[in-house]
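Listing of protein33.cif; format and content: mmCIF, C-alpha atoms.
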```cif
data_work
loop_
_atom_site.label_atom_id
_atom_site.label_comp_id
_atom_site.auth_asym_id
_atom_site.auth_seq_id
_atom_site.Cartn_x
_atom_site.Cartn_y
_atom_site.Cartn_z
CA MET A 4 153.85 65.41 142.77
CA ILE A 5 154.54 63.14 145.73
CA LEU A 6 152.87 60.16 144.06
CA THR A 7 154.64 60.84 140.75
CA SER A 8 158.04 61.13 142.45
CA PHE A 9 157.42 57.97 144.46
CA MET A 10 156.46 55.90 141.42
CA SER A 11 159.42 57.27 139.46
CA VAL A 12 161.88 56.30 142.18
CA ILE A 13 160.34 52.83 142.52
CA PHE A 14 160.72 52.36 138.77
CA ILE A 15 164.39 53.41 138.82
CA VAL A 16 165.12 51.18 141.81
CA LEU A 17 163.58 48.13 140.18
CA VAL A 18 165.31 48.77 136.86
CA VAL A 19 168.67 49.03 138.61
CA GLY A 20 167.85 46.01 140.74
CA PHE A 21 167.04 43.41 138.14
CA CYS A 22 166.77 44.87 134.65
CA LEU A 23 170.41 45.80 134.06
CA HIS A 24 171.25 42.14 133.55
CA LYS A 25 170.76 41.52 129.82
CA LYS A 26 169.92 37.84 130.24
CA ASP A 27 166.16 37.28 129.83
CA LEU A 28 165.67 41.04 129.56
CA GLU A 29 162.17 40.71 128.09
CA LEU A 30 161.12 38.52 131.00
CA ARG A 31 162.60 40.95 133.51
CA LEU A 32 160.81 43.90 131.95
CA THR A 33 157.57 41.95 132.00
CA LYS A 34 157.95 41.21 135.69
CA LEU A 35 158.81 44.84 136.31
CA GLY A 36 155.62 45.89 134.56
CA ILE A 37 153.55 43.43 136.58
CA LEU A 38 155.05 44.63 139.86
CA LEU A 39 154.46 48.29 139.04
CA PHE A 40 150.91 47.45 138.05
CA LEU A 41 150.34 45.74 141.42
CA ILE A 42 151.63 48.83 143.23
CA PHE A 43 149.34 51.00 141.12
CA PHE A 44 146.41 48.64 141.78
CA LEU A 45 146.91 48.85 145.55
CA MET A 46 146.73 52.64 145.30
CA PHE A 47 143.76 52.69 142.91
CA PRO A 48 141.77 49.45 143.32
CA ASN A 49 138.81 50.64 141.23
CA PRO A 50 139.56 50.03 137.51
CA LEU A 51 136.85 52.53 136.55
CA ASP A 52 139.02 55.30 138.03
CA TRP A 53 142.27 54.46 136.29
CA GLY A 54 141.71 56.52 133.17
CA ASN A 55 140.42 59.65 134.85
CA GLN A 56 143.03 59.57 137.62
CA ILE A 57 145.89 59.44 135.12
CA TYR A 58 144.30 62.16 133.00
CA ARG A 59 143.59 64.41 135.99
CA ARG A 60 147.19 64.15 137.15
CA ILE A 61 148.38 65.14 133.70
CA ASP A 62 145.97 68.09 133.59
CA ARG A 63 145.07 69.14 137.13
CA GLN A 64 143.72 72.49 135.99
CA GLN A 65 140.54 70.79 134.78
CA LEU A 66 139.61 70.12 138.42
CA ILE A 67 138.96 73.81 139.06
CA GLU A 68 135.47 74.70 137.82
CA PRO A 69 134.35 78.19 138.85
CA SER A 70 131.52 78.08 136.30
CA ASN A 71 130.05 74.85 137.64
CA ALA A 72 126.35 75.25 138.55
CA LYS A 73 126.97 73.68 141.95
CA ILE A 74 129.64 76.27 142.72
CA ALA A 75 127.14 79.02 141.83
CA LEU A 76 124.61 77.49 144.24
CA LEU A 77 127.31 77.15 146.89
CA ASN A 78 128.05 80.85 146.43
CA GLU A 79 124.41 81.69 147.13
CA THR A 80 124.47 79.42 150.17
CA PHE A 81 127.51 81.24 151.50
CA TYR A 82 125.81 84.66 151.37
CA VAL A 83 122.70 83.26 153.08
CA TRP A 84 124.91 81.72 155.77
CA TYR A 85 126.78 85.00 156.24
CA SER A 86 123.60 87.09 156.49
CA GLN A 87 122.29 84.86 159.27
CA LYS A 88 125.38 85.11 161.47
CA ASN A 89 125.37 87.29 164.57
CA ASP A 90 128.66 86.06 165.95
CA THR A 91 132.05 87.71 165.78
CA TYR A 92 134.61 86.25 163.39
CA PHE A 93 138.18 87.42 162.81
CA GLY A 94 137.74 90.44 165.07
CA TYR A 95 134.71 92.14 163.50
CA SER A 96 130.94 91.94 163.75
CA SER A 97 129.30 89.85 161.04
CA THR A 98 126.51 92.41 160.83
CA THR A 99 128.88 94.33 158.54
CA GLU A 100 128.12 94.00 154.83
CA PHE A 101 130.39 91.37 153.31
CA THR A 102 131.54 93.69 150.52
CA GLU A 103 132.68 96.24 153.10
CA LEU A 104 135.11 93.82 154.71
CA ASN A 105 138.83 93.69 154.19
CA GLU A 106 139.73 91.36 151.30
CA VAL A 107 141.81 89.13 153.58
CA ILE A 108 138.87 88.70 155.95
CA GLN A 109 136.56 87.97 153.03
CA VAL A 110 138.59 85.04 151.73
CA LYS A 111 139.16 83.70 155.25
CA LEU A 112 135.42 83.75 155.80
CA VAL A 113 134.85 81.70 152.67
CA GLN A 114 137.33 79.13 153.94
CA PHE A 115 135.67 79.24 157.37
CA PHE A 116 132.30 78.58 155.77
CA LEU A 117 133.58 75.61 153.77
CA TYR A 118 136.03 73.98 156.15
CA ASN A 119 137.30 75.01 159.56
CA SER A 120 137.43 72.82 162.65
CA SER A 121 136.14 75.67 164.81
CA ASN A 122 133.03 76.12 162.66
CA PRO A 123 130.25 73.74 163.80
CA GLU A 124 128.42 74.43 160.54
CA GLN A 125 131.23 73.74 158.09
CA ILE A 126 130.12 72.28 154.77
CA ILE A 127 133.03 69.87 154.30
CA ASP A 128 134.25 67.31 156.80
CA TYR A 129 137.78 66.00 156.36
CA SER A 130 138.03 62.34 155.40
CA TYR A 131 140.85 60.33 153.82
CA ASP A 132 140.16 58.97 150.34
CA PHE A 133 140.60 55.43 151.66
CA PHE A 134 137.36 55.92 153.58
CA ASN A 135 135.43 57.84 150.92
CA PRO A 136 133.03 55.59 148.99
CA PRO A 137 133.01 54.68 146.19
CA ARG A 138 136.70 55.66 145.81
CA TYR A 139 138.59 53.82 148.54
CA ALA A 140 141.82 54.91 146.88
CA TYR A 141 145.17 56.12 148.15
CA ASP A 142 144.90 59.57 146.60
CA HIS A 143 141.79 60.14 144.50
CA LEU A 144 141.59 63.45 142.62
CA ALA A 145 137.90 64.28 142.39
CA THR A 146 135.94 66.77 140.31
CA VAL A 147 133.60 69.39 141.74
CA ASP A 148 130.57 67.23 140.93
CA GLU A 149 132.11 64.16 142.57
CA ILE A 150 133.07 66.06 145.71
CA LEU A 151 129.82 67.92 146.24
CA GLY A 152 127.41 65.19 145.17
CA SER A 153 123.70 66.00 145.22
CA ASN A 154 123.39 67.45 148.74
CA PHE A 155 126.04 70.03 149.52
CA THR A 156 124.37 73.13 150.96
CA SER A 157 123.85 71.92 154.52
CA PRO A 158 126.49 71.56 157.27
CA HIS A 159 128.66 68.43 157.15
CA SER A 160 127.09 67.31 153.88
CA VAL A 161 130.40 66.81 152.03
CA THR A 162 133.46 64.69 152.86
CA ASP A 163 136.88 64.80 151.23
CA ASP A 164 140.54 65.29 152.00
CA CYS A 165 142.77 68.32 151.47
CA ASP A 166 142.78 68.20 147.67
CA GLY A 167 138.99 68.07 147.53
CA ILE A 168 138.73 70.96 149.99
CA ALA A 169 141.20 72.96 147.89
CA VAL A 170 139.32 72.25 144.65
CA ILE A 171 136.03 73.51 146.10
CA THR A 172 137.59 76.49 147.90
CA CYS A 173 139.56 77.64 144.87
CA SER A 174 136.63 77.15 142.48
CA LEU A 175 134.29 79.13 144.75
CA LEU A 176 136.76 81.98 145.30
CA ILE A 177 137.41 82.34 141.56
CA HIS A 178 133.65 82.32 140.98
CA MET A 179 133.40 85.17 143.49
CA GLY A 180 136.05 87.14 141.62
CA TYR A 181 139.21 86.46 143.65
CA ASP A 182 142.63 85.64 142.21
CA ALA A 183 142.84 82.17 143.74
CA PHE A 184 145.13 79.21 143.09
CA ILE A 185 145.56 75.71 144.44
CA ALA A 186 149.00 75.26 146.01
CA GLU A 187 150.74 71.91 146.36
CA GLY A 188 153.41 70.98 148.89
CA ASP A 189 154.47 68.03 151.03
CA PHE A 190 151.47 65.73 151.50
CA HIS A 191 149.09 68.65 151.26
CA TRP A 192 147.01 70.87 148.97
CA TRP A 193 145.73 74.25 150.08
CA THR A 194 144.43 77.49 148.56
CA ILE A 195 146.30 80.73 148.08
CA VAL A 196 144.71 84.06 147.16
CA PHE A 197 146.60 87.04 145.80
CA ILE A 198 145.15 90.25 147.20
CA ASN A 199 145.09 93.89 146.17
CA GLY A 200 145.48 92.93 142.53
CA THR A 201 149.13 91.97 143.03
CA ARG A 202 150.73 88.62 142.26
CA GLY A 203 153.87 88.37 144.29
CA TRP A 204 155.22 86.66 147.35
CA SER A 205 155.56 88.79 150.47
CA GLU A 206 154.80 88.46 154.16
CA ASN A 207 151.06 89.03 153.71
CA ASN A 208 150.52 88.15 150.06
CA PRO A 209 149.29 85.66 149.02
CA VAL A 210 146.84 84.69 151.76
CA ARG A 211 147.13 80.97 152.52
CA LEU A 212 143.94 79.09 153.39
CA ASN A 213 143.94 75.66 155.07
CA TRP A 214 147.74 75.80 155.03
CA LEU A 215 149.87 73.84 157.49
CA PRO A 216 153.06 75.56 158.71
CA SER A 217 154.81 72.18 158.82
CA VAL A 218 154.37 71.92 155.04
CA GLU A 219 156.41 75.10 154.55
CA GLU A 220 156.53 76.44 150.97
CA GLU A 221 154.46 75.39 147.98
CA TYR A 222 156.13 73.63 145.03
CA CYS A 223 153.67 74.91 142.45
CA CYS A 224 150.33 76.72 142.19
CA PHE A 225 147.64 76.42 139.56
CA ASN A 226 144.12 77.44 138.69
CA GLU A 227 141.99 76.83 135.61
CA LYS A 228 144.06 79.27 133.53
CA TYR A 229 147.58 79.54 134.91
CA ILE A 230 150.37 77.47 136.45
CA ILE A 231 153.02 79.04 138.68
CA ILE A 232 156.19 77.05 139.36
CA THR A 233 157.54 78.50 142.59
CA GLN A 234 160.88 76.68 142.59
CA PRO A 235 162.95 74.45 140.26
CA ILE A 236 161.29 71.07 139.66
CA THR A 237 164.47 69.21 140.59
CA LEU A 238 164.49 70.97 143.96
CA SER A 239 160.83 70.10 144.47
CA ILE A 240 161.53 66.41 143.84
CA VAL A 241 164.43 66.48 146.31
CA ASN A 242 162.19 68.19 148.87
CA VAL A 243 159.44 65.63 148.34
CA LEU A 244 161.78 62.71 148.95
CA SER A 245 163.50 64.28 151.95
CA GLU A 246 160.35 65.57 153.66
CA THR A 247 158.34 62.40 153.08
CA GLY A 248 161.28 60.39 154.36
CA GLY A 249 161.26 62.30 157.61
CA TYR A 250 157.50 61.91 157.90
CA VAL A 251 157.24 58.20 157.09
CA TYR A 252 160.29 56.92 158.93
CA GLY A 253 160.04 59.36 161.81
CA ASN A 254 156.30 59.16 162.50
CA PHE A 255 155.67 55.51 161.73
CA TYR A 256 158.73 53.28 161.50
CA TYR A 257 160.60 54.75 164.48
CA ASP A 258 157.50 55.13 166.64
CA PHE A 259 156.50 51.54 165.90
CA LEU A 260 159.88 50.21 167.02
CA MET A 261 159.90 52.44 170.09
CA GLY A 262 156.60 51.03 171.30
CA GLU A 263 154.61 54.22 170.73
CA MET A 264 151.95 52.66 168.52
CA GLY A 265 150.37 50.28 170.99
CA ILE A 266 152.90 47.48 170.42
CA ASN A 267 155.67 46.51 172.85
CA THR A 268 159.19 47.46 171.68
CA ILE A 269 160.48 43.88 171.78
CA LEU A 270 157.44 42.64 169.89
CA GLY A 271 157.87 45.44 167.36
CA TRP A 272 161.47 44.46 166.61
CA THR A 273 160.49 40.78 166.47
CA LEU A 274 157.74 41.49 163.95
CA LEU A 275 160.17 43.56 161.89
CA VAL A 276 162.75 40.75 161.77
CA VAL A 277 160.08 38.25 160.72
CA ALA A 278 158.79 40.67 158.09
CA PHE A 279 162.31 41.00 156.68
CA LEU A 280 162.59 37.22 156.35
CA ILE A 281 159.29 37.10 154.47
CA LEU A 282 160.36 40.01 152.26
CA SER A 283 163.69 38.35 151.45
CA SER A 284 161.88 35.12 150.53
CA LEU A 285 159.46 37.00 148.28
CA MET A 286 162.31 38.85 146.56
CA ASN A 287 164.10 35.57 145.87
CA TYR A 288 160.91 33.98 144.56
CA PHE A 289 160.13 36.97 142.36
CA LEU A 290 163.58 36.81 140.79
CA ASN A 291 163.19 33.09 140.02
CA VAL A 292 159.71 32.92 138.51
CA PRO A 293 158.65 31.89 135.94
CA ARG A 294 161.89 30.07 135.13
CA ARG A 295 161.25 27.90 138.18
CA PHE A 296 158.68 27.95 140.92
CA LYS A 297 160.05 25.45 143.44
CA LEU A 298 162.45 26.48 146.16
CA LYS A 299 165.88 24.82 145.95
CA LYS A 300 168.52 24.42 148.61
CA ARG A 301 170.79 26.95 146.94
CA ASP A 302 168.04 29.55 147.35
CA LEU A 303 168.66 29.48 151.10
CA ALA A 304 171.90 31.40 150.63
CA ASN A 305 170.04 34.15 148.79
CA ILE A 306 167.21 34.27 151.32
CA LEU A 307 169.44 34.33 154.40
CA PHE A 308 171.75 36.90 152.86
CA GLY A 309 168.77 39.08 152.01
CA TRP A 310 167.40 38.63 155.52
CA VAL A 311 170.64 39.69 157.21
CA PHE A 312 171.05 42.54 154.73
CA LEU A 313 167.55 43.87 155.42
CA ILE A 314 168.00 43.62 159.19
CA LEU A 315 171.19 45.68 158.98
CA ILE A 316 169.50 48.27 156.78
CA GLY A 317 166.50 48.35 159.11
CA PHE A 318 168.75 48.99 162.11
CA LEU A 319 170.70 51.66 160.23
CA LEU A 320 167.43 53.34 159.27
CA PHE A 321 166.42 53.33 162.94
CA LEU A 322 169.71 55.05 163.84
CA LEU A 323 169.23 57.67 161.12
CA VAL A 324 165.86 58.62 162.56
CA HIS A 325 167.17 58.54 166.12
CA PHE A 326 169.88 61.05 165.24
CA ASP A 327 167.49 63.31 163.28
CA LEU A 328 168.77 62.19 159.87
CA ALA A 329 165.48 60.75 158.62
CA ILE A 330 165.68 62.91 155.50
CA PHE A 331 168.22 60.38 154.20
CA GLY A 332 165.79 57.52 154.78
CA HIS A 333 164.58 57.23 151.19
CA LEU A 334 168.13 57.28 149.87
CA LEU A 335 169.09 54.45 152.21
CA VAL A 336 165.99 52.33 151.61
CA PHE A 337 165.78 52.68 147.83
CA SER A 338 169.50 52.26 147.17
CA SER A 339 169.62 49.24 149.50
CA ILE A 340 166.69 47.52 147.80
CA ALA A 341 168.26 48.11 144.39
CA ALA A 342 171.60 46.74 145.60
CA LEU A 343 169.99 43.72 147.24
CA LEU A 344 168.00 42.83 144.12
CA LEU A 345 171.16 43.17 142.07
CA LEU A 346 173.15 40.88 144.38
CA MET A 347 170.42 38.27 144.74
CA ASP A 348 169.73 38.20 141.01
CA ARG A 349 173.38 37.41 140.30
CA ARG A 350 173.47 34.79 143.07
CA ILE A 351 176.36 36.62 144.77
CA PRO A 352 175.47 35.24 148.24
CA GLU A 353 176.31 31.72 146.99
CA LYS A 354 179.91 32.87 146.54
CA ILE A 355 180.22 34.21 150.09
CA PRO A 356 181.78 31.57 152.40
CA LEU A 357 179.35 32.31 155.21
CA PHE A 358 176.38 31.52 152.98
CA ASN A 359 177.70 29.13 150.31
CA LYS A 360 177.86 26.29 152.82
CA LEU A 361 174.09 26.12 152.51
CA THR A 362 174.17 25.44 148.76
#
```

Mind turning the file's structure into structure tokens?
Amino acid sequence: MILTSFMSVIFIVLVVGFCLHKKDLELRLTKLGILLFLIFFLMFPNPLDWGNQIYRRIDRQQLIEPSNAKIALLNETFYVWYSQKNDTYFGYSSTTEFTELNEVIQVKLVQFFLYNSSNPEQIIDYSYDFFNPPRYAYDHLATVDEILGSNFTSPHSVTDDCDGIAVITCSLLIHMGYDAFIAEGDFHWWTIVFINGTRGWSENNPVRLNWLPSVEEEYCCFNEKYIIITQPITLSIVNVLSETGGYVYGNFYYDFLMGEMGINTILGWTLLVVAFLILSSLMNYFLNVPRRFKLKKRDLANILFGWVFLILIGFLLFLLVHFDLAIFGHLLVFSSIAALLLLMDRRIPEKIPLFNKLT
């Protein structure tokens, strides 16, 4: 949902920025398509994955495979692992028969077996998709077979991120007879399990596995048969944009400028100002090609205007984060980029006295 919302907003911003002008509309739409393709390519650099990644996002339920032979073998591995434990987990002795345990403890044990930082024998180690060969993608949705590979019954034999962990956990729990779903929220997938044969939200039901409190509520839940929309889609999109804004601008942009990422504060601001000049130049160039490729003197007005504009927006974004208003970051950034593209495309800076002296 986050990726879909992000791409949708980028599309709207670019359309507003330089496709509302009817002149050379076909050319503008072509450039828009090329730019969106480049963004998509950076996220999914392997062309062999393009088809399946689009299809899996359209139908995510196909990822959950409780009948997969590897899930059946993983189920057997779990019971062997449990029978060999003499430790104490979740406040009870593991010498107790698994079927005699409370249902909540049962599902937590399955999660503990698959992925838990306090379990030295966990099957799955967390790893971002960028570092998972042969994917090396921003957000690769993998099948059970792709996640587990050929060796998956020994500790630390599998690597994937939260969506891969959720796919395996949910598939295994459904195979074992539990009413499990994958839940999706801000930047995170986890597993929920409805207990006692009741589907309903209460303090103790459903049980959330590998859930992060900072993520708060799920937007939707799904398994191989059902989809549960837990709140209006429009509200989910708003939440995605606001929460990701706080995360991106608060944890990266602000920290970078405050010298908390290994770079001096003055150097951080200097690099940002230089980056804005480069970005303004690229925006001007992108608006001109292919009608002309060479830089003309009158382009300086556009470039300098864009540079000053971006610096002001960058400083305003810094202030928003500083005063705990980072949730408005996306609104500021996207609307500003759209406005800047619109102004530069119509050569408005050339009509401003401060900048037209350069033309």

Selection result for the PyMOL selection byres ((chain A and resi 291-300) around 9) on this file, as a PyMOL selection string: chain A and resi 30+34+286-290+301-304+348+361-362

Generate a file of the selected residues that holds C-alpha atoms, formatted as a PDB file, keeping the file's coordinate frame.
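The result, written out as out14.pdb:
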```
ATOM      1  CA  LEU A  30     161.120  38.520 131.000  1.00  0.00           C
ATOM      2  CA  LYS A  34     157.950  41.210 135.690  1.00  0.00           C
ATOM      3  CA  MET A 286     162.310  38.850 146.560  1.00  0.00           C
ATOM      4  CA  ASN A 287     164.100  35.570 145.870  1.00  0.00           C
ATOM      5  CA  TYR A 288     160.910  33.980 144.560  1.00  0.00           C
ATOM      6  CA  PHE A 289     160.130  36.970 142.360  1.00  0.00           C
ATOM      7  CA  LEU A 290     163.580  36.810 140.790  1.00  0.00           C
ATOM      8  CA  ARG A 301     170.790  26.950 146.940  1.00  0.00           C
ATOM      9  CA  ASP A 302     168.040  29.550 147.350  1.00  0.00           C
ATOM     10  CA  LEU A 303     168.660  29.480 151.100  1.00  0.00           C
ATOM     11  CA  ALA A 304     171.900  31.400 150.630  1.00  0.00           C
ATOM     12  CA  ASP A 348     169.730  38.200 141.010  1.00  0.00           C
ATOM     13  CA  LEU A 361     174.090  26.120 152.510  1.00  0.00           C
ATOM     14  CA  THR A 362     174.170  25.440 148.760  1.00  0.00           C
TER      15      THR A 362
END
```

Please enumerate the residues selected by the PyMOL selection byres ((chain A and resi 35-46) around 7) when evaluated against the supplied file, formatted as a PyMOL selection string. chain A and resi 17+31-34+47-48+140-141

For the structure shown, which residues end up in the PyMOL selection byres ((chain A and resi 226) around 9)? Put them as a PDB file with C-alpha atoms, in the frame of the given file, please?
```
ATOM      1  CA  ARG A  63     145.070  69.140 137.130  1.00  0.00           C
ATOM      2  CA  GLN A  64     143.720  72.490 135.990  1.00  0.00           C
ATOM      3  CA  GLN A  65     140.540  70.790 134.780  1.00  0.00           C
ATOM      4  CA  LEU A  66     139.610  70.120 138.420  1.00  0.00           C
ATOM      5  CA  ILE A  67     138.960  73.810 139.060  1.00  0.00           C
ATOM      6  CA  CYS A 173     139.560  77.640 144.870  1.00  0.00           C
ATOM      7  CA  SER A 174     136.630  77.150 142.480  1.00  0.00           C
ATOM      8  CA  ILE A 177     137.410  82.340 141.560  1.00  0.00           C
ATOM      9  CA  ALA A 183     142.840  82.170 143.740  1.00  0.00           C
ATOM     10  CA  PHE A 184     145.130  79.210 143.090  1.00  0.00           C
ATOM     11  CA  ILE A 185     145.560  75.710 144.440  1.00  0.00           C
ATOM     12  CA  CYS A 224     150.330  76.720 142.190  1.00  0.00           C
ATOM     13  CA  PHE A 225     147.640  76.420 139.560  1.00  0.00           C
ATOM     14  CA  GLU A 227     141.990  76.830 135.610  1.00  0.00           C
ATOM     15  CA  LYS A 228     144.060  79.270 133.530  1.00  0.00           C
ATOM     16  CA  TYR A 229     147.580  79.540 134.910  1.00  0.00           C
ATOM     17  CA  ILE A 230     150.370  77.470 136.450  1.00  0.00           C
TER      18      ILE A 230
END
```

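Here CA of Leu345 in chain A and CA of Ala329 in chain A stand 24.8 Å from one another.
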
Can you pull out every residue within 9 Å of Val276 in chain A, counting all atoms listed in the file, but drop anything in the same chain fewer than 3 positions away, and send it as a PDB file with C-alpha atoms, in the coordinates of the input?
```
ATOM      1  CA  GLY A 271     157.870  45.440 167.360  1.00  0.00           C
ATOM      2  CA  TRP A 272     161.470  44.460 166.610  1.00  0.00           C
ATOM      3  CA  THR A 273     160.490  40.780 166.470  1.00  0.00           C
ATOM      4  CA  PHE A 279     162.310  41.000 156.680  1.00  0.00           C
ATOM      5  CA  LEU A 280     162.590  37.220 156.350  1.00  0.00           C
ATOM      6  CA  ILE A 281     159.290  37.100 154.470  1.00  0.00           C
ATOM      7  CA  TRP A 310     167.400  38.630 155.520  1.00  0.00           C
ATOM      8  CA  LEU A 313     167.550  43.870 155.420  1.00  0.00           C
ATOM      9  CA  ILE A 314     168.000  43.620 159.190  1.00  0.00           C
ATOM     10  CA  GLY A 317     166.500  48.350 159.110  1.00  0.00           C
TER      11      GLY A 317
END
```

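Distance annotation: of A:Gly167, A:Asn207, A:Tyr257, A:Ile150, the residue with the minimal separation from Phe326 in chain A is A:Tyr257; atom set is all atoms listed in the file.
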
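Residue nearest Arg60 in chain A, chosen from A:His178, A:Thr237, A:His143, A:Pro209 and counting only C-alpha atoms: A:His143.
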
All residues 12 Å or closer to Ser153 in chain A, all atoms listed in the file, same chain fewer than 4 positions away omitted, as a PyMOL selection string: chain A and resi 72-73+76-77+147-149+157+160-161

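CA of Glu187 in chain A sits 19.7 Å away from CA of Asn55 in chain A.
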
Please list as number ranges by chain every residue within 8 Å of Gln114 in chain A, counting all atoms listed in the file and excluding residues in the same chain fewer than 6 positions away. A: 172, 212-213

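Interatomic distance, CA of Ile316 in chain A against CA of Ala342 in chain A: 11.5 Å.
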
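Using only C-alpha atoms, the protein and nucleic acid residues lying no more than 12 Å from Thr80 in chain A, apart from those fewer than 6 places from it along its own chain, are Lys73, Ile74, Ser86, Gln87, Val113, Phe116, Leu117, Gln125, Ile126, Phe155, Thr156, Ser157, Pro158 and Leu175 of chain A.
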
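Residues near the point (177.0, 36.3, 145.5), at a distance of 12 Å or less over all atoms listed in the file, make up Arg301, Asp302, Ala304, Asn305, Ile306, Leu307, Phe308, Gly309, Ala342, Leu343, Leu344, Leu345, Leu346, Met347, Asp348, Arg349, Arg350, Ile351, Pro352, Glu353, Lys354, Ile355, Pro356, Leu357, Phe358, Asn359 and Thr362 of chain A.
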
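When all atoms listed in the file are used to compute distances to Pro216 in chain A, the closest of the residues A:Val311, A:Phe101, A:Phe134, A:His191 turns out to be A:His191.
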
Smallest atom-to-atom distance to Asp166 in chain A: which of A:Tyr131, A:Tyr82, A:Tyr250, A:Trp53, using only C-alpha atoms? A:Tyr131

Name all residues at most 7 Å from Asp128 in chain A (count only C-alpha atoms; drop same-chain ones fewer than 5 positions away) and give them as a count of residues only. 5
